[in-house]
>>> print(open('entry10.txt').read())   # compact mmCIF, C-alpha atoms
# COMPACT_ATOMS: atom_id res chain seq x y z
CA MET A 1 -38.03 -41.97 -34.86
CA SER A 2 -34.46 -41.03 -35.61
CA LYS A 3 -33.48 -37.41 -35.98
CA SER A 4 -32.89 -36.07 -39.46
CA LYS A 5 -29.44 -35.03 -40.58
CA LYS A 6 -30.44 -31.35 -40.39
CA GLN A 7 -31.70 -31.77 -36.84
CA VAL A 8 -28.45 -33.39 -35.78
CA GLU A 9 -26.41 -30.66 -37.45
CA ALA A 10 -28.50 -27.98 -35.70
CA ILE A 11 -27.94 -29.64 -32.32
CA VAL A 12 -24.20 -29.93 -32.92
CA SER A 13 -24.06 -26.31 -34.04
CA ALA A 14 -25.96 -25.13 -30.94
CA MET A 15 -23.67 -27.14 -28.69
CA GLY A 16 -20.68 -25.54 -30.38
CA VAL A 17 -22.07 -22.06 -29.76
CA PHE A 18 -22.84 -22.91 -26.14
CA THR A 19 -19.33 -24.30 -25.61
CA ALA A 20 -17.83 -21.13 -27.11
CA ILE A 21 -19.95 -18.96 -24.81
CA ILE A 22 -18.90 -20.89 -21.70
CA SER A 23 -15.25 -20.79 -22.77
CA THR A 24 -15.41 -17.03 -23.29
CA LEU A 25 -17.15 -16.56 -19.94
CA VAL A 26 -14.44 -18.54 -18.13
CA GLU A 27 -11.70 -16.46 -19.78
CA LEU A 28 -13.41 -13.19 -18.80
CA VAL A 29 -13.91 -14.31 -15.20
CA LYS A 30 -10.21 -15.18 -14.96
CA LYS A 31 -9.34 -11.83 -16.57
CA PHE A 32 -11.11 -10.02 -13.71
CA GLY A 33 -9.41 -12.13 -11.04
CA GLY A 34 -12.15 -14.72 -10.50
CA THR A 35 -12.07 -18.50 -10.26
CA MET A 36 -14.27 -21.43 -11.26
CA GLU A 37 -15.79 -21.30 -7.78
CA ASN A 38 -17.20 -17.87 -8.66
CA ILE A 39 -18.88 -19.36 -11.71
CA TYR A 40 -20.46 -22.18 -9.72
CA ARG A 41 -22.09 -19.55 -7.47
CA LEU A 42 -23.38 -17.55 -10.41
CA ALA A 43 -26.68 -15.70 -10.04
CA ILE A 44 -27.30 -13.43 -13.01
CA PRO A 45 -29.02 -10.11 -12.13
CA GLU A 46 -31.56 -8.50 -14.38
CA GLY A 47 -30.45 -6.22 -17.14
CA LEU A 48 -27.08 -7.76 -18.08
CA VAL A 49 -26.61 -8.00 -21.80
CA THR A 50 -22.98 -9.01 -22.40
CA LEU A 51 -20.74 -11.81 -21.19
CA GLU A 52 -18.22 -9.24 -19.97
CA GLU A 53 -20.83 -7.68 -17.70
CA VAL A 54 -21.79 -11.12 -16.40
CA ALA A 55 -18.13 -11.90 -15.69
CA ARG A 56 -17.66 -8.65 -13.81
CA VAL A 57 -20.68 -9.41 -11.64
CA ILE A 58 -19.42 -12.93 -10.92
CA VAL A 59 -16.16 -11.64 -9.43
CA GLY A 60 -17.82 -8.80 -7.55
CA ALA A 61 -16.53 -5.98 -9.73
CA VAL A 62 -20.01 -4.59 -10.28
CA LYS A 63 -22.85 -3.97 -7.89
CA VAL A 64 -26.04 -3.74 -9.88
CA LYS A 65 -27.90 -1.94 -7.11
CA ASN A 66 -27.02 -0.59 -3.69
CA GLU A 67 -30.35 -0.75 -1.87
CA PHE A 68 -29.30 1.99 0.57
CA LEU A 69 -28.06 4.64 -1.86
CA CYS A 70 -29.24 6.50 -4.93
CA LEU A 71 -26.76 8.07 -7.34
CA ILE A 72 -27.09 11.84 -7.71
CA PHE A 73 -26.87 12.69 -11.39
CA GLY A 74 -25.35 15.97 -12.48
CA GLY A 75 -24.27 17.64 -15.68
CA GLU A 76 -20.57 17.49 -14.88
CA ASN A 77 -17.81 15.00 -14.21
CA LEU A 78 -16.52 15.21 -10.67
CA ILE A 79 -12.76 14.79 -10.61
CA ILE A 80 -10.41 15.03 -7.63
CA ASP A 81 -7.08 16.39 -8.80
CA GLU A 82 -3.75 14.67 -8.23
CA CYS A 83 -2.68 14.60 -4.57
CA ASN A 84 0.63 13.79 -2.93
CA GLY A 85 -1.22 12.24 0.03
CA ARG A 86 0.62 14.22 2.67
CA GLU A 87 -2.25 16.34 3.93
CA ILE A 88 -4.53 14.96 6.65
CA LEU A 89 -7.86 16.14 7.99
CA ALA A 90 -6.59 16.61 11.53
CA ASP A 91 -4.42 19.47 10.21
CA ALA A 92 -6.93 20.95 7.74
CA SER A 93 -7.75 24.09 9.72
CA ASP A 94 -7.36 26.09 6.50
CA VAL A 95 -10.60 24.44 5.30
CA PHE A 96 -12.55 23.46 8.44
CA ASP A 97 -13.58 25.68 11.34
CA TRP A 98 -14.11 22.66 13.58
CA ILE A 99 -12.10 19.42 13.46
CA ASP A 100 -12.96 16.36 15.54
CA SER A 101 -10.19 15.62 18.07
CA ASP A 102 -10.81 11.88 17.58
CA PHE A 103 -8.80 12.03 14.35
CA ARG A 104 -5.77 12.16 16.65
CA SER A 105 -6.98 10.03 19.56
CA TRP A 106 -8.17 7.18 17.32
CA GLY A 107 -5.09 7.16 15.08
CA ALA A 108 -7.09 8.37 12.09
CA ASP A 109 -4.31 10.77 11.16
CA GLU A 110 -2.01 8.76 8.89
CA GLN A 111 -0.82 10.25 5.62
CA GLY A 112 -1.84 8.44 2.44
CA PRO A 113 -0.17 7.51 -0.85
CA ALA A 114 0.07 9.84 -3.81
CA THR A 115 -2.96 9.57 -6.11
CA LYS A 116 -3.74 10.43 -9.72
CA LYS A 117 -6.81 12.30 -10.91
CA THR A 118 -9.77 10.35 -9.57
CA PRO A 119 -13.37 10.42 -10.86
CA VAL A 120 -15.87 10.29 -8.01
CA GLN A 121 -19.63 9.93 -7.65
CA VAL A 122 -22.02 11.30 -5.05
CA TYR A 123 -24.87 9.22 -3.65
CA GLU A 124 -27.75 10.05 -1.35
CA LEU A 125 -29.10 7.79 1.38
CA GLU A 126 -32.55 6.42 0.54
CA LYS A 127 -32.88 3.63 3.11
CA ASP A 128 -31.99 3.63 6.81
CA GLY A 129 -28.77 1.78 7.49
CA LYS A 130 -25.53 1.40 9.43
CA PHE A 131 -22.16 2.16 7.89
CA PRO A 132 -21.14 -1.52 7.48
CA GLN A 133 -24.42 -2.22 5.66
CA ILE A 134 -24.22 0.84 3.43
CA TYR A 135 -20.61 0.40 2.39
CA GLY A 136 -20.83 -3.38 2.17
CA ALA A 137 -23.77 -3.09 -0.22
CA HIS A 138 -21.69 -0.92 -2.54
CA SER A 139 -18.68 -3.25 -2.82
CA SER A 140 -17.28 -6.27 -1.02
CA ASP A 141 -13.81 -4.72 -1.47
CA LEU A 142 -13.81 -1.72 0.88
CA ASP A 143 -10.39 -0.57 -0.29
CA LYS A 144 -11.98 0.34 -3.63
CA LEU A 145 -14.35 2.72 -1.82
CA CYS A 146 -11.65 4.61 0.08
CA LEU A 147 -10.28 8.03 -0.65
CA THR A 148 -7.18 9.44 1.00
CA GLN A 149 -7.60 12.23 3.51
CA HIS A 150 -5.85 14.54 1.08
CA GLN A 151 -8.41 13.62 -1.60
CA ILE A 152 -11.26 14.27 0.81
CA LYS A 153 -9.89 17.72 1.55
CA LYS A 154 -9.49 18.42 -2.17
CA PHE A 155 -13.08 17.36 -2.83
CA VAL A 156 -14.39 19.69 -0.13
CA GLN A 157 -12.39 22.56 -1.58
CA LYS A 158 -13.31 21.93 -5.21
CA CYS A 159 -16.82 20.46 -4.98
CA ARG A 160 -18.28 22.37 -2.06
CA ASP A 161 -21.66 22.63 -3.80
CA TRP A 162 -22.01 18.84 -3.70
CA LEU A 163 -21.85 18.68 0.10
CA ARG A 164 -25.06 18.06 2.06
CA THR A 165 -26.40 21.19 3.76
CA ASP A 166 -28.83 21.90 6.65
CA GLY A 167 -26.42 20.55 9.26
CA TYR A 168 -26.33 17.00 7.83
CA GLY A 169 -23.18 15.21 6.77
CA THR A 170 -21.50 14.04 3.60
CA PHE A 171 -19.48 10.88 4.27
CA PHE A 172 -16.13 9.64 2.94
CA LEU A 173 -14.51 6.27 3.68
CA PHE A 174 -10.78 6.28 4.35
CA LYS A 175 -8.15 4.03 5.88
CA SER A 176 -5.57 4.88 8.53
CA LYS A 177 -3.07 2.60 10.27
CA GLY A 178 -4.86 -0.48 9.00
CA HIS A 179 -8.35 0.56 10.13
CA TYR A 180 -11.35 1.92 8.24
CA PHE A 181 -12.87 5.25 9.26
CA VAL A 182 -15.63 7.48 7.93
CA ALA A 183 -15.12 11.24 7.74
CA GLY A 184 -18.28 13.33 7.96
CA VAL A 185 -18.27 16.84 6.50
CA GLY A 186 -21.00 19.45 6.91
CA PHE A 187 -21.92 23.07 7.54
CA ASP A 188 -22.95 24.64 10.83
CA SER A 189 -25.76 27.20 11.12
CA GLY A 190 -23.33 29.96 10.18
CA GLY A 191 -22.17 28.23 6.99
CA ARG A 192 -18.83 27.19 8.47
CA LEU A 193 -17.40 23.77 7.63
CA TRP A 194 -16.85 21.02 10.18
CA VAL A 195 -15.35 17.56 9.88
CA SER A 196 -15.97 14.61 12.18
CA VAL A 197 -14.69 11.04 12.24
CA HIS A 198 -16.52 7.77 12.89
CA ARG A 199 -15.37 4.19 13.13
CA LEU A 200 -16.70 2.07 10.29
CA GLU A 201 -18.20 -0.37 12.80
CA ASN A 202 -20.31 2.41 14.33
CA VAL A 203 -23.73 0.86 15.16
CA TYR A 204 -25.69 4.08 14.67
CA VAL A 205 -28.54 3.80 12.16
CA TRP A 206 -28.48 6.71 9.71
CA ASP A 207 -31.94 8.04 8.87
CA ALA A 208 -32.72 8.21 5.15
CA GLU A 209 -35.08 11.15 5.75
CA ASN A 210 -32.01 13.32 6.36
CA ARG A 211 -30.63 12.50 2.89
CA TYR A 212 -27.03 12.03 4.00
CA ARG A 213 -24.57 11.93 1.13
CA PHE A 214 -21.76 9.47 0.37
CA VAL A 215 -18.82 10.08 -1.96
CA PHE A 216 -17.04 7.17 -3.65
CA PRO A 217 -14.33 6.75 -6.25
CA GLN A 218 -16.09 5.79 -9.46
CA LEU A 219 -15.87 2.01 -9.79
CA ASP A 220 -14.95 0.42 -13.11
CA ILE A 221 -17.95 -1.18 -14.76
>>> encode(input="entry10.txt", output="structure tokens")
Amino acid sequence: MSKSKKQVEAIVSAMGVFTAIISTLVELVKKFGGTMENIYRLAIPEGLVTLEEVARVIVGAVKVKNEFLCLIFGGENLIIDECNGREILADASDVFDWIDSDFRSWGADEQGPATKKTPVQVYELEKDGKFPQIYGAHSSDLDKLCLTQHQIKKFVQKCRDWLRTDGYGTFFLFKSKGHYFVAGVGFDSGGRLWVSVHRLENVYVWDAENRYRFVFPQLDI
């Protein structure tokens, strides 16, 4: 039995809508720096409601869920003020009572670029993991997760109440001389601040029971 004229028109109309959707999706993917290869590997997570959100996920701009971390929600926006990038943690004795000597010996003492006001978010560890797993689950582009050492110092000065207590660390990813490092900041038993440095490839497994904290620049979503 042949299709009626209305049925044919409905099919043509649906195909037109579908074509328009695909065309828009391709344009959005290209807008966010993606390629057709990204589209071919598409796996749509739950909860996406707009084509723009789908496009951002395709090119890796959004991580729907980091299985290792849970965002700490607060009633304020955390902003790191503008920095000229010249201050480094190895010299921050005006803030820290103890500074890890490995900042110098590992070359983790390079000044950074000047930065504008930067919104940041604080997460808490909820699943045991190594640094490469934890950071890799948050973004495939590690540069987007880095703060400068000057920004880290500013955060500690301005947002001290957001640091993990009880001797456990709050971690910050940064880059120095082409290598990724993680700065750990915490309080000793006397309430004095310390700062340590770890290589990103450190194989130590961080225990979620200790509720370590991680600070990231707020990613665009």
>>> atom_distance(input="entry10.txt", atom1="CA of Leu163 (chain A)", atom2="CA of Phe214 (chain A)")
9.2 Å
>>> closest_residue(input="entry10.txt", among="A:Val26, A:Asp207, A:Ser93, A:Arg86", to="Lys127 (chain A)", atoms="all atoms listed in the file")
A:Asp207
>>> closest_atom_pairs(input="entry10.txt", of="region 89-139 of chain A", to="region 170-184 of chain A", cutoff="7 Å", atoms="only C-alpha atoms", output="tab-separated table")
residue	atom	partner	partner_atom	distance
A:Gly107	CA	A:Lys177	CA	6.9
A:Ala108	CA	A:Ser176	CA	5.2
A:Asp109	CA	A:Ser176	CA	6.6
A:Glu110	CA	A:Ser176	CA	5.3
>>> closest_residue(input="entry10.txt", among="A:Thr148, A:Asp128, A:Arg160, A:Gly186", to="Glu209 (chain A)", atoms="only C-alpha atoms")
A:Asp128
>>> closest_residue(input="entry10.txt", among="A:Ser105, A:Ser23, A:Ser196, A:Gln133", to="Glu67 (chain A)", atoms="all atoms listed in the file")
A:Gln133
